[in-house]
Protein chains: 2
Amino acid sequence: MKITIRSVAEEAGVSIGTVSKVINDSGKISEKTRKKVFQAMQKLNYKPDAAAASLRGKRTKLIGLLVPDISNPFYAGIARSIEDRSHEVGLNVMLCSTDNNTEKEKNYLALLTSQRVDGLVVASAFRSTVLLQETIEQGIPSVLIASEIPQLSINTVTVDDYKGGYLATSHLLDLGHKDIAIIYENVRSNEPRLAAYRDSLREAGIDVNPEYIMKTEATILKGYECAKKLLLLEEKPTAIFACNDLLAAGVIQAAKELELDLPRELSVVGFDNTVLSTTTAPMLTTVSQPIKQMGAKVVNLLLQEMEESKGYKERLLMAPELIVRQSTASV
Amino acid sequence: MKITIRSVAEEAGVSIGTVSKVINDSGKISEKTRKKVFQAMQKLNYKPDAAAASLRGKRTKLIGLLVPDISNPFYAGIARSIEDRSHEVGLNVMLCSTDNNTEKEKNYLALLTSQRVDGLVVASAFRSTVLLQETIEQGIPSVLIASEIPQLSINTVTVDDYKGGYLATSHLLDLGHKDIAIIYENVRSNEPRLAAYRDSLREAGIDVNPEYIMKTEATILKGYECAKKLLLLEEKPTAIFACNDLLAAGVIQAAKELELDLPRELSVVGFDNTVLSTTTAPMLTTVSQPIKQMGAKVVNLLLQEMEESKGYKERLLMAPELIVRQSTASV
DNA sequence: CTGAAAGCGCTAACAG
DNA sequence: CTGTTAGCGCTTTCAG
């Protein structure tokens, strides 16, 4: 037998309305009946049906999390921090790995809409902006994390990517490097990093060599392949700025295979400060994002948006930090 | 205005019953009305309310995934494979990181129960077995992955941990090592690994040195700390079997700090074959689990259980594989 | 303070 | 083939 609010009401000898009130702590209930009801719930091991409640207009307490790939350590970290904060405030996270694939993004959005999620936090790229725009227009509170979509008016939490790119590049410059290459991913967050790379070089009076700029996907293998090409160039770079740690790990693999002495013959800096950055040898100099805070912030923002949509949107730029380890040295 | 099944019915000029039938592809509907209804749904951008449907006895299409920590690369991989298979069959995953903490496990279980999830896949330890037992008794189909609870009659998918431990230890033995230490985690899956370690040594006529057996938690730092102790022993081991890659990464760090030449002066083997195993230097020899298949299997098992509970339970032991890289060498 | 009753959006008989 | 209707478990007025 299923046990419902009715079973509890019978057990406690009150009406279902009363039970509902004690569950939701609404209305006025005498201490005595409250106790009776609690006992009945306890005894029957009653768990309110969230679906039924949401049908009557209550929140579902569900939020959707769209990331490119949960098995990417950076997004796993993001997911963890979002999950922690969410559960603190009684929200449940539905996980979706999209591979930044428009088709998957679309499917997940449909699924999440059907589940009537209370909100969305998206780290997925949404190259097809309209998709996201539509769901936002349907009134689903949404927040972006670690990605930006300038065309959309939406709350956003990112690290200051330009600053991060600047930190990385100028660290290399300070070390005396002039031949600095960059490997970046085709996602929006990497654009400011690239721009900062360009600006820093220019500032230092160095012409940027187009051969030193490579665009690819965020995997170790791709990082390896790009680095191979770079290091086989006539005039090979003395430093590589990899726009995430996965890429950087690949760069290190390639350098080792070519028997370069790191960091003496090649400096490498990464981005994200994931677990990987302490396991590589040499350990990776990288730009860290305050993942913990970003996750908490993004959930708070979502909560705010769920309560009452303020007229304006916020765009939070968290401060990145350069973590100097052993993969960088002066030329 | 909210758009419901009623709006669609009006738009299409049919009854809500008819609309329901075309949505669920049940009953007999003429091609013509089906088309009309589809058009109406399209036009209004209608998404059925999953909560309402579940209230009427349909599945919620929600499953809960309980892992110790999603930011641990091994569990992130597991999560990804489960997620992929789930979405293939129209299931949505609710993510919960428990830290193997009984209190959190309890909260999540309550949350998931309230959401009326169709099933549970658990990789979390559940040191307090009753907790899980209760929810299973409430009839929620559940499956275990990468963990076991012998007291519970429950479908289980794990790698053959004993075999894995055997593979790792005998590889070391074959290389001529006699002083082999082990660092393991206090979770059930590690017990067979430890047992295999013991048995293999005994088989080889080697007394197991109790000082060489260390129990700890699965983090790089703990691996580092244990290895430090091991390597500072009077008679230090020439090889260490770390029961997961995180631990192994820590061991490598410690060895480097002590300026040991790897693998000449110390062989290390890990377990799980996560991303970490290719980023360490030397690259890690490790035991791989077929994560992709395990995730798919576990979802299939859950599906089966959801359809109709067969009287018996399955316990799948997948074959582990030793991946020899550069962290092991003969003494 | 407590109970009765209406109805959320949908599915599943059952009638026609 | 299609429409009508009775709830699913819960929240929320509104009376008492």
# chains A, B, ... in the order shown; residues from 1 in each chain; ligands from 1

$ closest_atom_pairs --of "chain D" --to "chain A" --cutoff "7 Å" --atoms "only C-alpha atoms (C1' of nucleotides)" --output "Markdown table"
| residue | atom | partner | partner_atom | distance |
| --- | --- | --- | --- | --- |
| D:DG9 | C1' | A:Ala52 | CA | 5.2 |
| D:DC10 | C1' | A:Ala53 | CA | 5.0 |
| D:DT11 | C1' | A:Arg56 | CA | 5.9 |

$ select_by_dssp --residues "stretch 226-306 of chain A" --states "alpha helix (DSSP H)" --output "PyMOL selection string"
chain A and resi 226-231+245-257+276-279+291-306

$ write_last_selection --atoms "N, CA and C atoms" --output "compact mmCIF listing (two decimals), in the first residue's frame"
# COMPACT_ATOMS: atom_id res chain seq x y z
N CYS A 226 48.74 19.24 -31.16
CA CYS A 226 49.08 20.63 -31.46
C CYS A 226 50.52 20.93 -31.07
N ALA A 227 50.89 20.47 -29.89
CA ALA A 227 52.24 20.75 -29.41
C ALA A 227 53.27 20.12 -30.34
N LYS A 228 52.98 18.91 -30.79
CA LYS A 228 53.87 18.24 -31.74
C LYS A 228 54.14 19.14 -32.94
N LYS A 229 53.07 19.66 -33.50
CA LYS A 229 53.22 20.53 -34.66
C LYS A 229 54.05 21.76 -34.32
N LEU A 230 53.70 22.37 -33.23
CA LEU A 230 54.39 23.58 -32.80
C LEU A 230 55.88 23.33 -32.62
N LEU A 231 56.20 22.20 -32.00
CA LEU A 231 57.60 21.95 -31.64
C LEU A 231 58.44 21.43 -32.81
N ASP A 245 44.10 22.86 -18.61
CA ASP A 245 45.07 21.91 -18.09
C ASP A 245 45.15 20.62 -18.91
N LEU A 246 44.04 20.21 -19.48
CA LEU A 246 44.02 19.01 -20.31
C LEU A 246 44.99 19.22 -21.47
N LEU A 247 44.80 20.33 -22.14
CA LEU A 247 45.69 20.68 -23.25
C LEU A 247 47.13 20.73 -22.78
N ALA A 248 47.34 21.36 -21.64
CA ALA A 248 48.70 21.50 -21.11
C ALA A 248 49.33 20.13 -20.83
N ALA A 249 48.53 19.21 -20.32
CA ALA A 249 49.05 17.87 -20.06
C ALA A 249 49.51 17.23 -21.37
N GLY A 250 48.75 17.46 -22.42
CA GLY A 250 49.13 16.94 -23.73
C GLY A 250 50.42 17.56 -24.23
N VAL A 251 50.56 18.85 -23.99
CA VAL A 251 51.77 19.56 -24.41
C VAL A 251 52.99 18.94 -23.72
N ILE A 252 52.85 18.69 -22.44
CA ILE A 252 53.96 18.11 -21.69
C ILE A 252 54.33 16.73 -22.23
N GLN A 253 53.31 15.95 -22.55
CA GLN A 253 53.57 14.63 -23.14
C GLN A 253 54.38 14.76 -24.42
N ALA A 254 53.95 15.67 -25.28
CA ALA A 254 54.62 15.85 -26.57
C ALA A 254 56.07 16.28 -26.37
N ALA A 255 56.26 17.22 -25.46
CA ALA A 255 57.60 17.74 -25.21
C ALA A 255 58.52 16.62 -24.73
N LYS A 256 57.98 15.77 -23.88
CA LYS A 256 58.80 14.68 -23.37
C LYS A 256 59.15 13.72 -24.49
N GLU A 257 58.18 13.47 -25.33
CA GLU A 257 58.42 12.53 -26.42
C GLU A 257 59.54 13.05 -27.32
N LEU A 276 44.94 17.60 -12.41
CA LEU A 276 46.01 17.29 -13.33
C LEU A 276 47.26 18.12 -13.08
N SER A 277 47.06 19.33 -12.65
CA SER A 277 48.20 20.25 -12.57
C SER A 277 49.22 19.85 -11.52
N THR A 278 48.83 18.97 -10.59
CA THR A 278 49.84 18.54 -9.60
C THR A 278 50.38 17.16 -9.93
N THR A 279 49.81 16.51 -10.93
CA THR A 279 50.30 15.16 -11.23
C THR A 279 51.29 15.14 -12.39
N ILE A 291 36.77 27.83 -8.16
CA ILE A 291 35.64 26.97 -8.49
C ILE A 291 34.59 26.90 -7.40
N LYS A 292 35.08 26.73 -6.18
CA LYS A 292 34.17 26.62 -5.04
C LYS A 292 33.23 27.84 -4.95
N GLN A 293 33.85 29.01 -4.97
CA GLN A 293 33.02 30.22 -4.88
C GLN A 293 32.12 30.40 -6.09
N MET A 294 32.67 30.08 -7.25
CA MET A 294 31.86 30.28 -8.45
C MET A 294 30.59 29.43 -8.40
N GLY A 295 30.74 28.18 -7.95
CA GLY A 295 29.58 27.31 -7.85
C GLY A 295 28.55 27.86 -6.87
N ALA A 296 29.03 28.31 -5.73
CA ALA A 296 28.13 28.85 -4.71
C ALA A 296 27.42 30.09 -5.24
N LYS A 297 28.20 30.98 -5.86
CA LYS A 297 27.65 32.21 -6.41
C LYS A 297 26.54 31.94 -7.41
N VAL A 298 26.83 31.00 -8.29
CA VAL A 298 25.89 30.76 -9.38
C VAL A 298 24.57 30.23 -8.84
N VAL A 299 24.64 29.42 -7.82
CA VAL A 299 23.41 28.90 -7.23
C VAL A 299 22.67 30.03 -6.51
N ASN A 300 23.41 30.86 -5.83
CA ASN A 300 22.77 32.00 -5.16
C ASN A 300 22.05 32.89 -6.16
N LEU A 301 22.72 33.14 -7.25
CA LEU A 301 22.13 33.98 -8.29
C LEU A 301 20.85 33.35 -8.83
N LEU A 302 20.91 32.05 -9.00
CA LEU A 302 19.74 31.33 -9.52
C LEU A 302 18.59 31.44 -8.53
N LEU A 303 18.92 31.26 -7.27
CA LEU A 303 17.93 31.36 -6.21
C LEU A 303 17.24 32.73 -6.26
N GLN A 304 18.05 33.76 -6.36
CA GLN A 304 17.56 35.12 -6.45
C GLN A 304 16.57 35.25 -7.59
N GLU A 305 17.01 34.78 -8.73
CA GLU A 305 16.20 34.85 -9.94
C GLU A 305 14.89 34.09 -9.77
N MET A 306 14.95 33.00 -9.01
CA MET A 306 13.74 32.21 -8.82
C MET A 306 12.75 32.93 -7.92

$ interface_residues --of "chain C" --to "chain A" --cutoff "9 Å" --atoms "only C-alpha atoms (C1' of nucleotides)" --output "PyMOL selection string"
chain C and resi 1-4+7-9

$ write_last_selection --atoms "N, CA, C and O atoms (P, O5', C5', C4', C3', O3' and C1' of nucleotides)" --output "PDB file, in the first residue's frame"
ATOM      1  P    DC C   1      -3.176  29.053  17.902  1.00  0.00           P
ATOM      2  O5'  DC C   1      -4.207  28.183  17.133  1.00  0.00           O
ATOM      3  C5'  DC C   1      -3.908  26.824  16.923  1.00  0.00           C
ATOM      4  C4'  DC C   1      -5.225  26.183  16.628  1.00  0.00           C
ATOM      5  C3'  DC C   1      -5.098  25.038  15.621  1.00  0.00           C
ATOM      6  O3'  DC C   1      -5.467  23.849  16.291  1.00  0.00           O
ATOM      7  C1'  DC C   1      -6.916  26.488  15.083  1.00  0.00           C
ATOM      8  P    DT C   2      -5.119  22.462  15.681  1.00  0.00           P
ATOM      9  O5'  DT C   2      -6.282  22.236  14.630  1.00  0.00           O
ATOM     10  C5'  DT C   2      -7.546  21.750  15.108  1.00  0.00           C
ATOM     11  C4'  DT C   2      -8.510  21.685  13.948  1.00  0.00           C
ATOM     12  C3'  DT C   2      -8.138  20.694  12.862  1.00  0.00           C
ATOM     13  O3'  DT C   2      -9.081  19.639  12.946  1.00  0.00           O
ATOM     14  C1'  DT C   2      -9.006  22.732  11.981  1.00  0.00           C
ATOM     15  P    DG C   3      -9.021  18.406  11.892  1.00  0.00           P
ATOM     16  O5'  DG C   3     -10.124  18.817  10.823  1.00  0.00           O
ATOM     17  C5'  DG C   3     -11.469  18.988  11.286  1.00  0.00           C
ATOM     18  C4'  DG C   3     -12.377  19.336  10.125  1.00  0.00           C
ATOM     19  C3'  DG C   3     -12.299  18.364   8.936  1.00  0.00           C
ATOM     20  O3'  DG C   3     -13.634  18.129   8.492  1.00  0.00           O
ATOM     21  C1'  DG C   3     -11.817  20.566   8.198  1.00  0.00           C
ATOM     22  P    DA C   4     -13.943  17.059   7.377  1.00  0.00           P
ATOM     23  O5'  DA C   4     -14.791  17.866   6.293  1.00  0.00           O
ATOM     24  C5'  DA C   4     -15.204  19.208   6.534  1.00  0.00           C
ATOM     25  C4'  DA C   4     -15.673  19.834   5.226  1.00  0.00           C
ATOM     26  C3'  DA C   4     -15.809  18.880   4.043  1.00  0.00           C
ATOM     27  O3'  DA C   4     -16.849  19.374   3.229  1.00  0.00           O
ATOM     28  C1'  DA C   4     -14.066  20.421   3.612  1.00  0.00           C
ATOM     29  P    DG C   7     -13.097  24.113  -9.137  1.00  0.00           P
ATOM     30  O5'  DG C   7     -11.596  23.684  -9.418  1.00  0.00           O
ATOM     31  C5'  DG C   7     -10.535  24.518  -8.943  1.00  0.00           C
ATOM     32  C4'  DG C   7      -9.246  23.777  -9.136  1.00  0.00           C
ATOM     33  C3'  DG C   7      -9.142  23.027 -10.489  1.00  0.00           C
ATOM     34  O3'  DG C   7      -7.854  23.251 -10.994  1.00  0.00           O
ATOM     35  C1'  DG C   7      -8.613  21.594  -8.755  1.00  0.00           C
ATOM     36  P    DC C   8      -7.597  23.496 -12.525  1.00  0.00           P
ATOM     37  O5'  DC C   8      -6.006  23.400 -12.609  1.00  0.00           O
ATOM     38  C5'  DC C   8      -5.144  24.243 -11.847  1.00  0.00           C
ATOM     39  C4'  DC C   8      -3.862  23.490 -11.587  1.00  0.00           C
ATOM     40  C3'  DC C   8      -3.456  22.606 -12.759  1.00  0.00           C
ATOM     41  O3'  DC C   8      -2.454  23.284 -13.511  1.00  0.00           O
ATOM     42  C1'  DC C   8      -3.325  21.409 -10.652  1.00  0.00           C
ATOM     43  P    DG C   9      -2.623  23.491 -15.067  1.00  0.00           P
ATOM     44  O5'  DG C   9      -2.158  22.081 -15.637  1.00  0.00           O
ATOM     45  C5'  DG C   9      -0.817  21.661 -15.428  1.00  0.00           C
ATOM     46  C4'  DG C   9      -0.706  20.217 -15.846  1.00  0.00           C
ATOM     47  C3'  DG C   9      -1.189  19.929 -17.259  1.00  0.00           C
ATOM     48  O3'  DG C   9      -0.159  19.211 -17.934  1.00  0.00           O
ATOM     49  C1'  DG C   9      -2.227  18.462 -15.716  1.00  0.00           C
TER      50       DG C   9
END

$ select_by_dssp --residues "stretch 211-305 of chain A" --states "strand (DSSP E)" --output "ChimeraX atom specification"
/A:213-216,239-242,267-272,285-288

$ write_last_selection --atoms "all heavy atoms" --output "compact mmCIF listing (two decimals), in the first residue's frame"
# COMPACT_ATOMS: atom_id res chain seq x y z
N ILE A 213 49.49 30.21 -33.18
CA ILE A 213 48.14 30.23 -32.61
C ILE A 213 47.35 29.03 -33.11
O ILE A 213 47.10 28.90 -34.29
CB ILE A 213 47.42 31.54 -33.00
CG1 ILE A 213 48.22 32.72 -32.46
CG2 ILE A 213 45.99 31.54 -32.48
CD1 ILE A 213 47.58 34.07 -32.72
N MET A 214 46.97 28.15 -32.19
CA MET A 214 46.27 26.94 -32.61
C MET A 214 44.94 26.78 -31.89
O MET A 214 44.87 26.90 -30.67
CB MET A 214 47.15 25.73 -32.35
CG MET A 214 48.55 25.88 -32.92
SD MET A 214 49.32 24.29 -33.27
CE MET A 214 48.40 23.77 -34.70
N LYS A 215 43.94 26.44 -32.68
CA LYS A 215 42.61 26.23 -32.11
C LYS A 215 42.29 24.75 -32.17
O LYS A 215 42.51 24.09 -33.18
CB LYS A 215 41.58 27.01 -32.92
CG LYS A 215 40.16 26.92 -32.36
CD LYS A 215 39.12 27.20 -33.41
CE LYS A 215 39.07 28.68 -33.81
NZ LYS A 215 37.81 29.02 -34.50
N THR A 216 41.73 24.20 -31.08
CA THR A 216 41.43 22.77 -31.09
C THR A 216 40.38 22.42 -30.04
O THR A 216 39.71 23.30 -29.51
CB THR A 216 42.72 21.95 -30.84
OG1 THR A 216 42.46 20.58 -31.02
CG2 THR A 216 43.24 22.21 -29.43
N ALA A 239 57.93 28.75 -25.34
CA ALA A 239 56.89 28.65 -24.30
C ALA A 239 55.53 28.44 -24.96
O ALA A 239 55.29 28.93 -26.06
CB ALA A 239 56.86 29.93 -23.46
N ILE A 240 54.69 27.69 -24.27
CA ILE A 240 53.33 27.47 -24.77
C ILE A 240 52.32 27.77 -23.67
O ILE A 240 52.44 27.28 -22.55
CB ILE A 240 53.14 26.02 -25.26
CG1 ILE A 240 54.10 25.71 -26.43
CG2 ILE A 240 51.69 25.79 -25.70
CD1 ILE A 240 53.98 24.29 -26.98
N PHE A 241 51.35 28.58 -24.03
CA PHE A 241 50.25 28.85 -23.13
C PHE A 241 49.08 27.97 -23.59
O PHE A 241 48.51 28.20 -24.65
CB PHE A 241 49.88 30.34 -23.18
CG PHE A 241 48.60 30.71 -22.49
CD1 PHE A 241 48.09 29.95 -21.43
CD2 PHE A 241 47.91 31.87 -22.86
CE1 PHE A 241 46.91 30.31 -20.79
CE2 PHE A 241 46.73 32.24 -22.22
CZ PHE A 241 46.23 31.45 -21.20
N ALA A 242 48.76 26.94 -22.80
CA ALA A 242 47.65 26.05 -23.14
C ALA A 242 46.43 26.54 -22.36
O ALA A 242 46.50 26.73 -21.15
CB ALA A 242 47.98 24.63 -22.76
N SER A 267 58.73 26.20 -21.66
CA SER A 267 57.86 26.53 -20.54
C SER A 267 56.41 26.30 -20.95
O SER A 267 56.03 26.55 -22.09
CB SER A 267 58.03 28.00 -20.14
OG SER A 267 59.23 28.17 -19.42
N VAL A 268 55.63 25.79 -20.00
CA VAL A 268 54.22 25.52 -20.28
C VAL A 268 53.36 26.12 -19.18
O VAL A 268 53.65 25.93 -18.00
CB VAL A 268 53.94 24.00 -20.33
CG1 VAL A 268 52.48 23.74 -20.68
CG2 VAL A 268 54.86 23.31 -21.34
N VAL A 269 52.33 26.86 -19.58
CA VAL A 269 51.37 27.25 -18.54
C VAL A 269 49.98 26.81 -18.96
O VAL A 269 49.62 26.82 -20.12
CB VAL A 269 51.47 28.75 -18.10
CG1 VAL A 269 52.43 29.54 -18.93
CG2 VAL A 269 50.14 29.40 -17.97
N GLY A 270 49.24 26.36 -17.98
CA GLY A 270 47.90 25.85 -18.22
C GLY A 270 46.83 26.81 -17.73
O GLY A 270 47.10 28.00 -17.49
N PHE A 271 45.63 26.31 -17.56
CA PHE A 271 44.53 27.14 -17.08
C PHE A 271 43.52 26.21 -16.42
O PHE A 271 43.22 25.13 -16.97
CB PHE A 271 43.86 27.85 -18.26
CG PHE A 271 43.20 29.16 -17.88
CD1 PHE A 271 43.74 30.38 -18.30
CD2 PHE A 271 42.05 29.18 -17.11
CE1 PHE A 271 43.13 31.59 -17.97
CE2 PHE A 271 41.43 30.39 -16.77
CZ PHE A 271 41.98 31.60 -17.21
N ASP A 272 43.03 26.58 -15.27
CA ASP A 272 41.97 25.90 -14.50
C ASP A 272 42.44 25.36 -13.15
O ASP A 272 41.65 25.27 -12.23
CB ASP A 272 41.34 24.72 -15.26
CG ASP A 272 40.50 25.16 -16.44
OD1 ASP A 272 40.21 26.37 -16.54
OD2 ASP A 272 40.17 24.31 -17.29
N THR A 285 52.48 25.01 -13.95
CA THR A 285 52.14 26.40 -13.63
C THR A 285 50.84 26.69 -14.35
O THR A 285 50.70 26.40 -15.53
CB THR A 285 53.24 27.35 -14.15
OG1 THR A 285 54.43 27.13 -13.40
CG2 THR A 285 52.80 28.80 -13.98
N THR A 286 49.87 27.21 -13.63
CA THR A 286 48.55 27.35 -14.24
C THR A 286 47.78 28.51 -13.62
O THR A 286 48.17 29.06 -12.60
CB THR A 286 47.77 26.03 -14.09
OG1 THR A 286 46.61 26.04 -14.92
CG2 THR A 286 47.35 25.79 -12.65
N VAL A 287 46.69 28.87 -14.26
CA VAL A 287 45.84 29.94 -13.75
C VAL A 287 44.65 29.29 -13.06
O VAL A 287 43.96 28.47 -13.65
CB VAL A 287 45.34 30.83 -14.91
CG1 VAL A 287 44.39 31.89 -14.37
CG2 VAL A 287 46.51 31.46 -15.63
N SER A 288 44.43 29.63 -11.81
CA SER A 288 43.36 28.95 -11.10
C SER A 288 42.07 29.75 -11.08
O SER A 288 42.06 30.97 -11.03
CB SER A 288 43.81 28.63 -9.67
OG SER A 288 43.29 29.57 -8.78

$ atom_distance --atom1 "atom CA of A:Ser71" --atom2 "atom CA of B:Lys104"
22.8 Å

$ atom_distance --atom1 "atom CA of B:Ala76" --atom2 "atom CA of A:Ala76"
6.6 Å

$ atom_distance --atom1 "atom CA of B:Ser147" --atom2 "atom CA of B:Ser189"
5.4 Å

$ closest_residue --among "A:Val89, A:Leu266, A:Ala40, A:Met94" --to "B:Lys61" --atoms "only C-alpha atoms"
A:Met94

$ residues_around --residues "B:Asn186" --least-positions-apart "3" --cutoff "12 Å" --atoms "only C-alpha atoms (C1' of nucleotides)" --output "number ranges by chain"
B: 100, 125-127, 147, 183, 189-194, 214-218, 243-244

$ residues_around --residues "C:DA15" --least-positions-apart "4" --cutoff "12 Å" --atoms "only C-alpha atoms (C1' of nucleotides)" --output "count of residues only"
4

$ decode --residues "stretch 44-55 of chain B" --atoms "N, CA, C and O atoms" --output "tab-separated table (two decimals), in the first residue's frame"
chain	number	residue	atom	x	y	z
B	44	LEU	N	2.38	25.47	-30.34
B	44	LEU	CA	2.31	26.02	-28.99
B	44	LEU	C	3.58	25.73	-28.20
B	44	LEU	O	3.72	26.18	-27.08
B	45	ASN	N	4.47	24.95	-28.81
B	45	ASN	CA	5.68	24.55	-28.12
B	45	ASN	C	5.34	23.87	-26.81
B	45	ASN	O	5.85	24.21	-25.74
B	46	TYR	N	4.47	22.92	-26.91
B	46	TYR	CA	3.98	22.22	-25.74
B	46	TYR	C	4.95	21.15	-25.24
B	46	TYR	O	5.50	20.39	-26.02
B	47	LYS	N	5.16	21.16	-23.92
B	47	LYS	CA	5.96	20.11	-23.30
B	47	LYS	C	5.12	19.46	-22.20
B	47	LYS	O	4.74	20.14	-21.25
B	48	PRO	N	4.82	18.18	-22.32
B	48	PRO	CA	4.00	17.52	-21.30
B	48	PRO	C	4.61	17.67	-19.91
B	48	PRO	O	5.82	17.69	-19.77
B	49	ASP	N	3.79	17.78	-18.92
B	49	ASP	CA	4.27	17.92	-17.55
B	49	ASP	C	4.53	16.53	-16.97
B	49	ASP	O	3.61	15.77	-16.70
B	50	ALA	N	5.82	16.24	-16.77
B	50	ALA	CA	6.20	14.91	-16.28
B	50	ALA	C	5.62	14.64	-14.90
B	50	ALA	O	5.25	13.51	-14.59
B	51	ALA	N	5.52	15.67	-14.09
B	51	ALA	CA	5.00	15.50	-12.73
B	51	ALA	C	3.56	15.02	-12.77
B	51	ALA	O	3.18	14.08	-12.07
B	52	ALA	N	2.76	15.66	-13.59
B	52	ALA	CA	1.36	15.29	-13.68
B	52	ALA	C	1.22	13.85	-14.17
B	52	ALA	O	0.42	13.07	-13.67
B	53	ALA	N	2.03	13.50	-15.16
B	53	ALA	CA	1.97	12.15	-15.70
B	53	ALA	C	2.35	11.13	-14.63
B	53	ALA	O	1.69	10.09	-14.50
B	54	SER	N	3.38	11.44	-13.88
B	54	SER	CA	3.83	10.48	-12.88
B	54	SER	C	2.77	10.32	-11.80
B	54	SER	O	2.61	9.26	-11.21
B	55	LEU	N	2.05	11.37	-11.56
B	55	LEU	CA	1.00	11.32	-10.54
B	55	LEU	C	-0.07	10.29	-10.95
B	55	LEU	O	-0.66	9.64	-10.13
